[in-house]
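To be precise, the following lines are structure_7.cif, and they hold mmCIF, C-alpha atoms.
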```
data_run
loop_
_atom_site.group_PDB
_atom_site.id
_atom_site.type_symbol
_atom_site.label_atom_id
_atom_site.label_comp_id
_atom_site.auth_asym_id
_atom_site.auth_seq_id
_atom_site.Cartn_x
_atom_site.Cartn_y
_atom_site.Cartn_z
ATOM 1 C CA MET C 1 0.000 0.000 0.000
ATOM 2 C CA SER C 2 1.544 3.307 -1.104
ATOM 3 C CA HIS C 3 1.910 6.174 1.345
ATOM 4 C CA THR C 4 1.854 9.915 0.688
ATOM 5 C CA ALA C 5 2.702 12.504 3.315
ATOM 6 C CA GLN C 6 0.280 15.250 4.279
ATOM 7 C CA LEU C 7 1.422 18.654 3.050
ATOM 8 C CA MET C 8 1.906 21.393 5.631
ATOM 9 C CA ASP C 9 0.187 24.324 3.954
ATOM 10 C CA GLY C 10 2.143 27.421 4.902
ATOM 11 C CA THR C 11 0.306 29.581 2.384
ATOM 12 C CA SER C 12 -3.098 29.151 4.032
ATOM 13 C CA LEU C 13 -1.768 29.491 7.570
ATOM 14 C CA ALA C 14 0.195 32.614 6.614
ATOM 15 C CA LYS C 15 -2.922 34.137 5.037
ATOM 16 C CA ARG C 16 -4.845 33.614 8.272
ATOM 17 C CA LEU C 17 -2.018 35.044 10.358
ATOM 18 C CA VAL C 18 -1.767 38.136 8.133
ATOM 19 C CA GLU C 19 -5.531 38.672 8.404
ATOM 20 C CA GLU C 20 -5.287 38.508 12.210
ATOM 21 C CA THR C 21 -2.322 40.899 12.093
ATOM 22 C CA ALA C 22 -4.221 43.349 9.877
ATOM 23 C CA ALA C 23 -7.126 43.365 12.335
ATOM 24 C CA LYS C 24 -4.752 44.146 15.212
ATOM 25 C CA ALA C 25 -3.071 46.914 13.197
ATOM 26 C CA ALA C 26 -6.453 48.472 12.378
ATOM 27 C CA GLU C 27 -7.535 48.361 16.032
ATOM 28 C CA MET C 28 -4.232 49.918 17.078
ATOM 29 C CA ALA C 29 -4.658 52.751 14.570
ATOM 30 C CA ARG C 30 -8.238 53.326 15.776
ATOM 31 C CA ARG C 31 -7.241 53.393 19.431
ATOM 32 C CA THR C 32 -3.977 55.346 19.246
ATOM 33 C CA GLY C 33 -4.151 57.195 15.934
ATOM 34 C CA THR C 34 -0.883 55.517 14.942
ATOM 35 C CA SER C 35 -0.306 52.698 12.466
ATOM 36 C CA PRO C 36 2.589 50.267 12.958
ATOM 37 C CA CYS C 37 5.627 51.205 10.883
ATOM 38 C CA LEU C 38 8.345 48.884 9.556
ATOM 39 C CA ALA C 39 11.571 50.389 8.229
ATOM 40 C CA THR C 40 13.422 48.326 5.629
ATOM 41 C CA VAL C 41 17.091 49.031 4.955
ATOM 42 C CA LEU C 42 18.779 47.811 1.772
ATOM 43 C CA VAL C 43 22.452 48.226 0.891
ATOM 44 C CA GLY C 44 23.144 48.118 -2.856
ATOM 45 C CA GLU C 45 20.906 46.732 -5.575
ATOM 46 C CA ASP C 46 21.202 42.957 -5.400
ATOM 47 C CA PRO C 47 18.269 41.805 -7.585
ATOM 48 C CA ALA C 48 17.064 39.122 -5.169
ATOM 49 C CA SER C 49 17.231 41.495 -2.219
ATOM 50 C CA VAL C 50 15.397 44.228 -4.132
ATOM 51 C CA THR C 51 12.648 41.726 -4.965
ATOM 52 C CA TYR C 52 12.385 40.510 -1.353
ATOM 53 C CA VAL C 53 12.108 44.059 0.005
ATOM 54 C CA ARG C 54 9.481 44.987 -2.573
ATOM 55 C CA MET C 55 7.460 41.905 -1.656
ATOM 56 C CA LYS C 56 7.709 42.633 2.070
ATOM 57 C CA ARG C 57 6.578 46.230 1.559
ATOM 58 C CA ALA C 58 3.602 45.059 -0.504
ATOM 59 C CA ARG C 59 2.608 42.622 2.266
ATOM 60 C CA CYS C 60 2.943 45.430 4.808
ATOM 61 C CA ALA C 61 0.464 47.520 2.848
ATOM 62 C CA LYS C 62 -2.041 44.647 2.793
ATOM 63 C CA ALA C 63 -1.749 44.267 6.552
ATOM 64 C CA GLY C 64 -2.222 47.952 7.321
ATOM 65 C CA ILE C 65 1.435 48.424 8.260
ATOM 66 C CA GLN C 66 3.261 51.508 7.068
ATOM 67 C CA SER C 67 6.657 50.903 5.532
ATOM 68 C CA ARG C 68 9.598 53.246 5.251
ATOM 69 C CA HIS C 69 12.317 52.172 2.831
ATOM 70 C CA ILE C 70 15.907 53.331 3.126
ATOM 71 C CA ALA C 71 17.985 52.455 0.049
ATOM 72 C CA LEU C 72 21.708 52.894 0.626
ATOM 73 C CA PRO C 73 24.392 52.756 -2.077
ATOM 74 C CA ALA C 74 26.565 49.662 -2.443
ATOM 75 C CA THR C 75 29.531 51.782 -1.312
ATOM 76 C CA THR C 76 27.992 52.310 2.137
ATOM 77 C CA THR C 77 30.457 51.514 4.935
ATOM 78 C CA THR C 78 29.708 49.536 8.073
ATOM 79 C CA ALA C 79 29.941 52.741 10.128
ATOM 80 C CA GLU C 80 27.452 54.527 7.860
ATOM 81 C CA LEU C 81 25.045 51.600 8.008
ATOM 82 C CA ILE C 82 25.301 51.484 11.804
ATOM 83 C CA ASP C 83 24.514 55.209 11.952
ATOM 84 C CA THR C 84 21.409 54.692 9.809
ATOM 85 C CA LEU C 85 20.185 51.814 11.964
ATOM 86 C CA ALA C 86 20.872 53.757 15.160
ATOM 87 C CA GLU C 87 18.822 56.703 13.856
ATOM 88 C CA LEU C 88 15.907 54.402 13.053
ATOM 89 C CA SER C 89 16.233 52.797 16.490
ATOM 90 C CA ASP C 90 15.866 56.255 18.053
ATOM 91 C CA ASP C 91 12.937 57.303 15.826
ATOM 92 C CA PRO C 92 9.651 56.930 17.779
ATOM 93 C CA ASP C 93 7.670 56.766 14.510
ATOM 94 C CA VAL C 94 9.459 53.523 13.514
ATOM 95 C CA HIS C 95 8.364 50.406 15.411
ATOM 96 C CA GLY C 96 10.279 47.657 13.595
ATOM 97 C CA ILE C 97 13.525 47.520 11.611
ATOM 98 C CA LEU C 98 14.483 45.026 8.915
ATOM 99 C CA LEU C 99 18.022 45.029 7.515
ATOM 100 C CA GLN C 100 17.912 43.066 4.269
ATOM 101 C CA HIS C 101 20.900 40.785 4.035
ATOM 102 C CA PRO C 102 23.379 39.884 2.698
ATOM 103 C CA CYS C 103 24.684 43.438 2.726
ATOM 104 C CA GLY C 104 27.884 42.787 0.795
ATOM 105 C CA PRO C 105 31.257 41.330 1.785
ATOM 106 C CA HIS C 106 32.624 44.691 2.946
ATOM 107 C CA ILE C 107 29.930 45.085 5.630
ATOM 108 C CA ASP C 108 30.296 43.692 9.145
ATOM 109 C CA GLU C 109 26.749 42.341 9.320
ATOM 110 C CA ARG C 110 26.955 41.319 12.968
ATOM 111 C CA ALA C 111 27.957 44.844 13.980
ATOM 112 C CA ALA C 112 25.131 46.217 11.842
ATOM 113 C CA PHE C 113 22.544 43.868 13.362
ATOM 114 C CA GLU C 114 23.612 44.860 16.870
ATOM 115 C CA ALA C 115 22.858 48.520 16.045
ATOM 116 C CA ILE C 116 19.155 47.610 15.908
ATOM 117 C CA ALA C 117 17.352 48.291 19.186
ATOM 118 C CA PRO C 118 16.116 44.949 20.612
ATOM 119 C CA GLU C 119 12.563 46.231 20.991
ATOM 120 C CA LYS C 120 12.537 46.964 17.232
ATOM 121 C CA ASP C 121 14.330 43.788 16.146
ATOM 122 C CA VAL C 122 11.242 42.282 14.499
ATOM 123 C CA ASP C 123 13.452 40.088 12.277
ATOM 124 C CA GLY C 124 15.046 38.459 15.336
ATOM 125 C CA VAL C 125 18.665 38.959 14.264
ATOM 126 C CA THR C 126 20.371 40.489 17.307
ATOM 127 C CA MET C 127 22.271 38.608 19.994
ATOM 128 C CA ARG C 128 19.657 39.839 22.483
ATOM 129 C CA SER C 129 16.906 38.179 20.433
ATOM 130 C CA PHE C 130 18.874 34.936 20.187
ATOM 131 C CA ALA C 131 19.334 34.938 23.944
ATOM 132 C CA ALA C 132 15.596 35.474 24.415
ATOM 133 C CA MET C 133 14.873 32.493 22.144
ATOM 134 C CA SER C 134 17.423 30.371 23.995
ATOM 135 C CA PHE C 135 16.115 31.207 27.464
ATOM 136 C CA SER C 136 12.391 31.357 26.571
ATOM 137 C CA LEU C 137 12.240 35.036 27.514
ATOM 138 C CA PRO C 138 10.041 37.742 25.937
ATOM 139 C CA GLY C 139 11.428 38.933 22.622
ATOM 140 C CA PHE C 140 11.190 38.424 18.892
ATOM 141 C CA ALA C 141 12.029 35.149 17.185
ATOM 142 C CA SER C 142 13.979 34.966 13.963
ATOM 143 C CA CYS C 143 11.168 35.000 11.427
ATOM 144 C CA THR C 144 11.773 31.718 9.609
ATOM 145 C CA PRO C 145 12.243 29.702 12.822
ATOM 146 C CA GLY C 146 9.203 31.445 14.274
ATOM 147 C CA GLY C 147 7.205 30.471 11.200
ATOM 148 C CA ILE C 148 8.402 26.872 11.458
ATOM 149 C CA MET C 149 7.229 26.649 15.070
ATOM 150 C CA ARG C 150 3.801 28.007 14.137
ATOM 151 C CA LEU C 151 3.505 25.393 11.395
ATOM 152 C CA LEU C 152 4.371 22.633 13.853
ATOM 153 C CA GLU C 153 1.727 23.967 16.253
ATOM 154 C CA GLU C 154 -0.876 24.185 13.492
ATOM 155 C CA TYR C 155 -0.391 20.512 12.640
ATOM 156 C CA ASN C 156 -0.350 19.439 16.296
ATOM 157 C CA VAL C 157 3.184 18.064 16.215
ATOM 158 C CA ASP C 158 4.076 16.994 19.753
ATOM 159 C CA LEU C 159 7.779 17.722 20.144
ATOM 160 C CA ALA C 160 8.274 16.493 23.706
ATOM 161 C CA GLY C 161 10.849 13.709 23.748
ATOM 162 C CA LYS C 162 11.109 13.601 19.951
ATOM 163 C CA HIS C 163 14.487 13.574 18.223
ATOM 164 C CA ALA C 164 14.743 16.778 16.193
ATOM 165 C CA VAL C 165 17.586 17.044 13.689
ATOM 166 C CA VAL C 166 18.478 20.470 12.287
ATOM 167 C CA VAL C 167 20.679 20.457 9.194
ATOM 168 C CA GLY C 168 22.212 23.929 9.059
ATOM 169 C CA ARG C 169 23.713 26.287 11.637
ATOM 170 C CA SER C 170 23.143 29.817 10.344
ATOM 171 C CA ALA C 171 22.686 32.531 12.946
ATOM 172 C CA ILE C 172 19.149 33.387 11.837
ATOM 173 C CA LEU C 173 17.794 29.956 10.908
ATOM 174 C CA GLY C 174 19.600 26.797 11.981
ATOM 175 C CA LYS C 175 20.831 27.904 15.406
ATOM 176 C CA PRO C 176 17.653 29.663 16.582
ATOM 177 C CA VAL C 177 15.230 27.002 15.337
ATOM 178 C CA GLY C 178 17.243 24.492 17.364
ATOM 179 C CA MET C 179 16.803 26.608 20.488
ATOM 180 C CA LEU C 180 13.057 26.898 19.896
ATOM 181 C CA LEU C 181 12.742 23.131 19.409
ATOM 182 C CA LEU C 182 14.756 22.516 22.571
ATOM 183 C CA ALA C 183 12.403 24.818 24.477
ATOM 184 C CA ARG C 184 9.547 22.517 23.434
ATOM 185 C CA ASP C 185 11.345 19.547 25.006
ATOM 186 C CA ALA C 186 12.666 18.017 21.789
ATOM 187 C CA THR C 187 15.987 16.160 21.914
ATOM 188 C CA LEU C 188 18.183 18.121 19.543
ATOM 189 C CA THR C 189 20.975 17.301 17.094
ATOM 190 C CA TYR C 190 22.628 19.945 14.932
ATOM 191 C CA CYS C 191 24.242 18.902 11.648
ATOM 192 C CA HIS C 192 26.192 20.996 9.160
ATOM 193 C CA SER C 193 28.685 20.907 6.288
ATOM 194 C CA ARG C 194 31.357 19.201 8.447
ATOM 195 C CA THR C 195 29.063 16.509 9.836
ATOM 196 C CA THR C 196 30.186 12.967 9.102
ATOM 197 C CA ASP C 197 27.590 10.271 8.369
ATOM 198 C CA LEU C 198 24.835 12.837 7.815
ATOM 199 C CA SER C 199 22.519 10.221 6.321
ATOM 200 C CA GLU C 200 22.786 8.063 9.453
ATOM 201 C CA ILE C 201 21.778 10.964 11.709
ATOM 202 C CA VAL C 202 18.936 12.053 9.429
ATOM 203 C CA ARG C 203 17.522 8.507 9.580
ATOM 204 C CA GLU C 204 17.045 8.933 13.340
ATOM 205 C CA ALA C 205 15.046 12.165 13.059
ATOM 206 C CA ASP C 206 11.433 12.236 14.226
ATOM 207 C CA VAL C 207 11.418 15.882 13.148
ATOM 208 C CA LEU C 208 13.824 17.079 10.454
ATOM 209 C CA VAL C 209 14.538 20.731 9.665
ATOM 210 C CA ALA C 210 16.577 21.144 6.483
ATOM 211 C CA ALA C 211 18.119 24.612 6.377
ATOM 212 C CA VAL C 212 21.461 24.300 4.652
ATOM 213 C CA GLY C 213 20.892 25.795 1.189
ATOM 214 C CA GLN C 214 21.929 22.782 -0.888
ATOM 215 C CA PRO C 215 19.334 21.507 -3.364
ATOM 216 C CA ARG C 216 18.013 18.008 -2.626
ATOM 217 C CA LEU C 217 20.790 17.337 -0.103
ATOM 218 C CA ILE C 218 18.440 15.177 1.977
ATOM 219 C CA ARG C 219 17.411 12.022 0.140
ATOM 220 C CA GLY C 220 14.002 10.494 0.556
ATOM 221 C CA GLU C 221 15.385 7.082 1.451
ATOM 222 C CA ASP C 222 17.091 8.662 4.487
ATOM 223 C CA ILE C 223 13.817 9.975 5.920
ATOM 224 C CA LYS C 224 12.559 7.980 8.902
ATOM 225 C CA PRO C 225 9.110 6.539 8.085
ATOM 226 C CA GLY C 226 6.486 8.760 9.718
ATOM 227 C CA ALA C 227 8.853 11.700 10.289
ATOM 228 C CA VAL C 228 7.864 15.355 10.108
ATOM 229 C CA VAL C 229 9.968 17.103 7.457
ATOM 230 C CA ILE C 230 10.395 20.890 7.406
ATOM 231 C CA ASP C 231 12.222 22.057 4.290
ATOM 232 C CA ALA C 232 13.456 25.594 4.904
ATOM 233 C CA GLY C 233 15.760 25.557 1.887
ATOM 234 C CA TYR C 234 15.008 27.604 -1.189
ATOM 235 C CA ASN C 235 17.230 27.069 -4.189
ATOM 236 C CA PRO C 236 16.999 28.131 -7.852
ATOM 237 C CA GLY C 237 14.137 26.488 -9.680
ATOM 238 C CA ASN C 238 11.867 26.295 -6.607
ATOM 239 C CA VAL C 239 13.860 23.389 -5.225
ATOM 240 C CA GLY C 240 14.282 22.746 -1.512
ATOM 241 C CA ASP C 241 17.006 21.045 0.485
ATOM 242 C CA VAL C 242 14.982 17.812 0.570
ATOM 243 C CA ASP C 243 14.318 15.557 -2.416
ATOM 244 C CA PHE C 244 10.591 16.179 -2.155
ATOM 245 C CA ASP C 245 9.246 13.459 -4.450
ATOM 246 C CA THR C 246 11.017 10.609 -2.660
ATOM 247 C CA ALA C 247 10.497 12.081 0.827
ATOM 248 C CA LEU C 248 6.768 12.302 0.125
ATOM 249 C CA THR C 249 6.470 8.522 0.290
ATOM 250 C CA ARG C 250 8.095 8.231 3.732
ATOM 251 C CA ALA C 251 7.266 11.337 5.795
ATOM 252 C CA ARG C 252 4.031 11.810 7.734
ATOM 253 C CA LEU C 253 4.040 15.589 7.292
ATOM 254 C CA ILE C 254 6.162 17.647 4.892
ATOM 255 C CA THR C 255 6.390 21.277 3.779
ATOM 256 C CA PRO C 256 6.309 21.930 0.035
ATOM 257 C CA VAL C 257 8.718 24.327 -1.673
ATOM 258 C CA PRO C 258 7.346 26.841 -2.402
ATOM 259 C CA GLY C 259 4.241 27.244 -0.250
ATOM 260 C CA GLY C 260 5.533 25.837 3.030
ATOM 261 C CA VAL C 261 8.006 27.763 5.176
ATOM 262 C CA GLY C 262 8.426 30.801 2.906
ATOM 263 C CA PRO C 263 4.998 32.434 3.370
ATOM 264 C CA MET C 264 5.261 31.934 7.126
ATOM 265 C CA THR C 265 8.485 33.944 7.315
ATOM 266 C CA ILE C 266 6.860 37.141 6.079
ATOM 267 C CA ALA C 267 3.675 36.526 8.087
ATOM 268 C CA VAL C 268 5.733 36.306 11.302
ATOM 269 C CA LEU C 269 7.653 39.473 10.363
ATOM 270 C CA LEU C 270 4.381 41.386 10.032
ATOM 271 C CA ALA C 271 2.924 39.927 13.236
ATOM 272 C CA GLN C 272 6.053 40.833 15.175
ATOM 273 C CA THR C 273 6.034 44.370 13.757
ATOM 274 C CA VAL C 274 2.508 44.904 15.089
ATOM 275 C CA ALA C 275 3.496 43.364 18.429
ATOM 276 C CA ALA C 276 6.523 45.684 18.613
ATOM 277 C CA ALA C 277 4.312 48.687 17.876
ATOM 278 C CA ALA C 278 1.859 47.608 20.561
ATOM 279 C CA ASN C 279 4.678 47.323 23.103
ATOM 280 C CA GLN C 280 5.997 50.782 22.228
ATOM 281 C CA LEU C 281 2.649 52.564 21.939
ATOM 282 C CA VAL C 282 1.372 51.281 25.282
ATOM 283 C CA LEU C 283 3.903 53.588 26.879
ATOM 284 C CA GLN C 284 2.299 56.556 25.072
ATOM 285 C CA HIS C 285 -1.323 55.380 25.312
ATOM 286 C CA PRO C 286 -1.694 53.357 28.527
#
```

What would you get if you wrote out this structure as structure tokens?
Amino acid sequence: MSHTAQLMDGTSLAKRLVEETAAKAAEMARRTGTSPCLATVLVGEDPASVTYVRMKRARCAKAGIQSRHIALPATTTTAELIDTLAELSDDPDVHGILLQHPCGPHIDERAAFEAIAPEKDVDGVTMRSFAAMSFSLPGFASCTPGGIMRLLEEYNVDLAGKHAVVVGRSAILGKPVGMLLLARDATLTYCHSRTTDLSEIVREADVLVAAVGQPRLIRGEDIKPGAVVIDAGYNPGNVGDVDFDTALTRARLITPVPGGVGPMTIAVLLAQTVAAAANQLVLQHP
């Protein structure tokens, strides 16, 4: 008897989350006279980054969130970028800040991220935000990991005691999603480009998060039967990090690419922008 995994529909869940966010933004504007505002900062004119920022600004408009875009030349220095981010952090009319990355090899991205005030770090990229995720303290999650956790909740995935394997260790995806899974009582293994016997470890995963940026790195035959597979990779040609067709016959739940994790990332960004605005405006309108 053939088996086909259930798809985890990020598009529908994201739509619902954005609708809820829009309602909160409208109520906030009615009550305080202020709409949430997200500032996006882009260094240079990388085509993919330009497209991402344009898409995020369009989604902001649909959700009733104002957006302010700061386009900086490719020659911008780290010091100049830090100054821009510090000014936005001090601006009471801006509630959330998104630095589109990568910024270019000449920019110290970590230094730039740390110039963002934690209360406006709606993309969850600062060390303060990572600490909050690690210690289950109030703060903003990195958006893709936050979206992954909401998907797992939506599909009633019980993480307690399950072996979660994260393939990837980036500062804004692999590392933080591991911390969020650990906080839900999963037993956690991190894998990466130096991991030996990756296939053997993947075969033990009750929950697999692929976030390494290598197309079809994870083979279907290495998926544990009945596993939950979250493919956070996005490679040219709409291809994820998991060989979807073969994984489909072994997993219990799986995210498609596109239409799985991607829509959730932007939905969480918008939700966190409205939450940040609410936190800041309550001081002005108790």

Skip segment 43-52 of chain C itself and residues of its chain fewer than 2 positions away, then list as a list in words all residues within 8 Å of it, counting all atoms listed in the file. Val41, Arg54, Met55, Lys56, Ala71, Leu72, Pro73, Ala74, Thr75, Thr76, Gln100, His101, Cys103 and Gly104 of chain C

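Of the listed residues C:His95, C:Arg30, C:Lys15, C:Arg194, the one whose atoms come nearest to Arg59 of chain C is C:Lys15, with distances taken using all atoms listed in the file.
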
What is the atom CA of Ala232 of chain C to atom CA of Asp197 of chain C distance in Å? 21.1 Å

Contacts of Gly124 of chain C within 7 Å, all atoms listed in the file, excl. fewer than 3 positions in-chain, as a ChimeraX atom specification: /C:121,129,140-143

Output the residue selection produced by the PyMOL selection byres ((chain C and resi 258) around 12) on the file above, formatted as a ChimeraX atom specification. /C:7-11,230-241,244,254-257,259-264

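Using only C-alpha atoms, the nearest neighbour of Val209 of chain C within the list C:Thr21, C:Thr144, C:Ser136, C:Thr78 is C:Thr144.
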
Given the PyMOL selection byres ((chain C and resi 175) around 12), the residues it picks as a CSV table (one decimal) with C-alpha atoms, in the frame of the given file:
```csv
chain,number,residue,atom,x,y,z
C,125,VAL,CA,18.7,39.0,14.3
C,127,MET,CA,22.3,38.6,20.0
C,130,PHE,CA,18.9,34.9,20.2
C,131,ALA,CA,19.3,34.9,23.9
C,133,MET,CA,14.9,32.5,22.1
C,134,SER,CA,17.4,30.4,24.0
C,141,ALA,CA,12.0,35.1,17.2
C,142,SER,CA,14.0,35.0,14.0
C,144,THR,CA,11.8,31.7,9.6
C,145,PRO,CA,12.2,29.7,12.8
C,165,VAL,CA,17.6,17.0,13.7
C,166,VAL,CA,18.5,20.5,12.3
C,167,VAL,CA,20.7,20.5,9.2
C,168,GLY,CA,22.2,23.9,9.1
C,169,ARG,CA,23.7,26.3,11.6
C,170,SER,CA,23.1,29.8,10.3
C,171,ALA,CA,22.7,32.5,12.9
C,172,ILE,CA,19.1,33.4,11.8
C,173,LEU,CA,17.8,30.0,10.9
C,174,GLY,CA,19.6,26.8,12.0
C,176,PRO,CA,17.7,29.7,16.6
C,177,VAL,CA,15.2,27.0,15.3
C,178,GLY,CA,17.2,24.5,17.4
C,179,MET,CA,16.8,26.6,20.5
C,180,LEU,CA,13.1,26.9,19.9
C,181,LEU,CA,12.7,23.1,19.4
C,182,LEU,CA,14.8,22.5,22.6
C,188,LEU,CA,18.2,18.1,19.5
C,189,THR,CA,21.0,17.3,17.1
C,190,TYR,CA,22.6,19.9,14.9
C,191,CYS,CA,24.2,18.9,11.6
C,192,HIS,CA,26.2,21.0,9.2
C,209,VAL,CA,14.5,20.7,9.7
C,210,ALA,CA,16.6,21.1,6.5
C,211,ALA,CA,18.1,24.6,6.4
C,212,VAL,CA,21.5,24.3,4.7
```

Please list as a tab-separated table (two decimals) with C-alpha atoms, keeping the file's coordinate frame every residue within 8 Å of segment 106-111 of chain C, counting all atoms listed in the file and excluding residues in the same chain fewer than 5 positions away.
```tsv
chain	number	residue	atom	x	y	z
C	77	THR	CA	30.46	51.51	4.93
C	78	THR	CA	29.71	49.54	8.07
C	82	ILE	CA	25.30	51.48	11.80
C	126	THR	CA	20.37	40.49	17.31
```

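Between atom CA of Leu13 of chain C and atom CA of Ala58 of chain C there is a distance of 18.3 Å.
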
Starting from the PyMOL selection byres ((chain C and resi 28) around 12), expand the selection into actual residues of this file and give them as an mmCIF file with C-alpha atoms, keeping the file's coordinate frame.
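Final output, expr-v7.cif:
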```
data_model
loop_
_atom_site.group_PDB
_atom_site.id
_atom_site.type_symbol
_atom_site.label_atom_id
_atom_site.label_comp_id
_atom_site.auth_asym_id
_atom_site.auth_seq_id
_atom_site.Cartn_x
_atom_site.Cartn_y
_atom_site.Cartn_z
ATOM 1 C CA THR C 21 -2.322 40.899 12.093
ATOM 2 C CA ALA C 22 -4.221 43.349 9.877
ATOM 3 C CA ALA C 23 -7.126 43.365 12.335
ATOM 4 C CA LYS C 24 -4.752 44.146 15.212
ATOM 5 C CA ALA C 25 -3.071 46.914 13.197
ATOM 6 C CA ALA C 26 -6.453 48.472 12.378
ATOM 7 C CA GLU C 27 -7.535 48.361 16.032
ATOM 8 C CA ALA C 29 -4.658 52.751 14.570
ATOM 9 C CA ARG C 30 -8.238 53.326 15.776
ATOM 10 C CA ARG C 31 -7.241 53.393 19.431
ATOM 11 C CA THR C 32 -3.977 55.346 19.246
ATOM 12 C CA GLY C 33 -4.151 57.195 15.934
ATOM 13 C CA THR C 34 -0.883 55.517 14.942
ATOM 14 C CA SER C 35 -0.306 52.698 12.466
ATOM 15 C CA PRO C 36 2.589 50.267 12.958
ATOM 16 C CA CYS C 37 5.627 51.205 10.883
ATOM 17 C CA GLY C 64 -2.222 47.952 7.321
ATOM 18 C CA ILE C 65 1.435 48.424 8.260
ATOM 19 C CA VAL C 274 2.508 44.904 15.089
ATOM 20 C CA ALA C 275 3.496 43.364 18.429
ATOM 21 C CA ALA C 276 6.523 45.684 18.613
ATOM 22 C CA ALA C 277 4.312 48.687 17.876
ATOM 23 C CA ALA C 278 1.859 47.608 20.561
ATOM 24 C CA ASN C 279 4.678 47.323 23.103
ATOM 25 C CA GLN C 280 5.997 50.782 22.228
ATOM 26 C CA LEU C 281 2.649 52.564 21.939
ATOM 27 C CA VAL C 282 1.372 51.281 25.282
ATOM 28 C CA HIS C 285 -1.323 55.380 25.312
#
```

Find the residues around Ala267 of chain C up to 7 Å (only C-alpha atoms counted), leave out those fewer than 3 positions away in its own chain, and share them as a list in words. Ala14, Leu17, Val18, Pro263, Met264, Leu270 and Ala271 of chain C

Best match for closeness to Pro215 of chain C among C:Asp123, C:Val242, C:Asp90, C:Val202, counting all atoms listed in the file: C:Val242

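Relative to atom CA of Leu85 of chain C, atom CA of Pro105 of chain C is found at 18.3 Å.
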
Please enclose the listed atoms of segment 107-124 of chain C in an axis-aligned box, pad each side by 5 Å, and write out the centre and the three edge lengths in Å, rounded to one decimal, as JSON.
```
{"center_x": 20.8, "center_y": 43.5, "center_z": 13.3, "size_x": 29.1, "size_y": 20.1, "size_z": 25.4}
```

Can you list, as a list of chain:residue names, every protein, DNA or RNA residue that comes within 7 Å of Asp185 of chain C when you count all atoms listed in the file, leaving out same-chain residues fewer than 5 positions away? C:Leu159, C:Ala160, C:Gly161

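The smallest atom-to-atom distance between Ala186 of chain C and any of C:Val207, C:Ala39, C:Ile201, C:Gly213, using only C-alpha atoms, is found for C:Val207.
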
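Shortest separation to Leu217 of chain C among C:Ala205, C:Val268, C:Val157, C:Ala247 occurs at residue C:Ala247, atoms counted being only C-alpha atoms.
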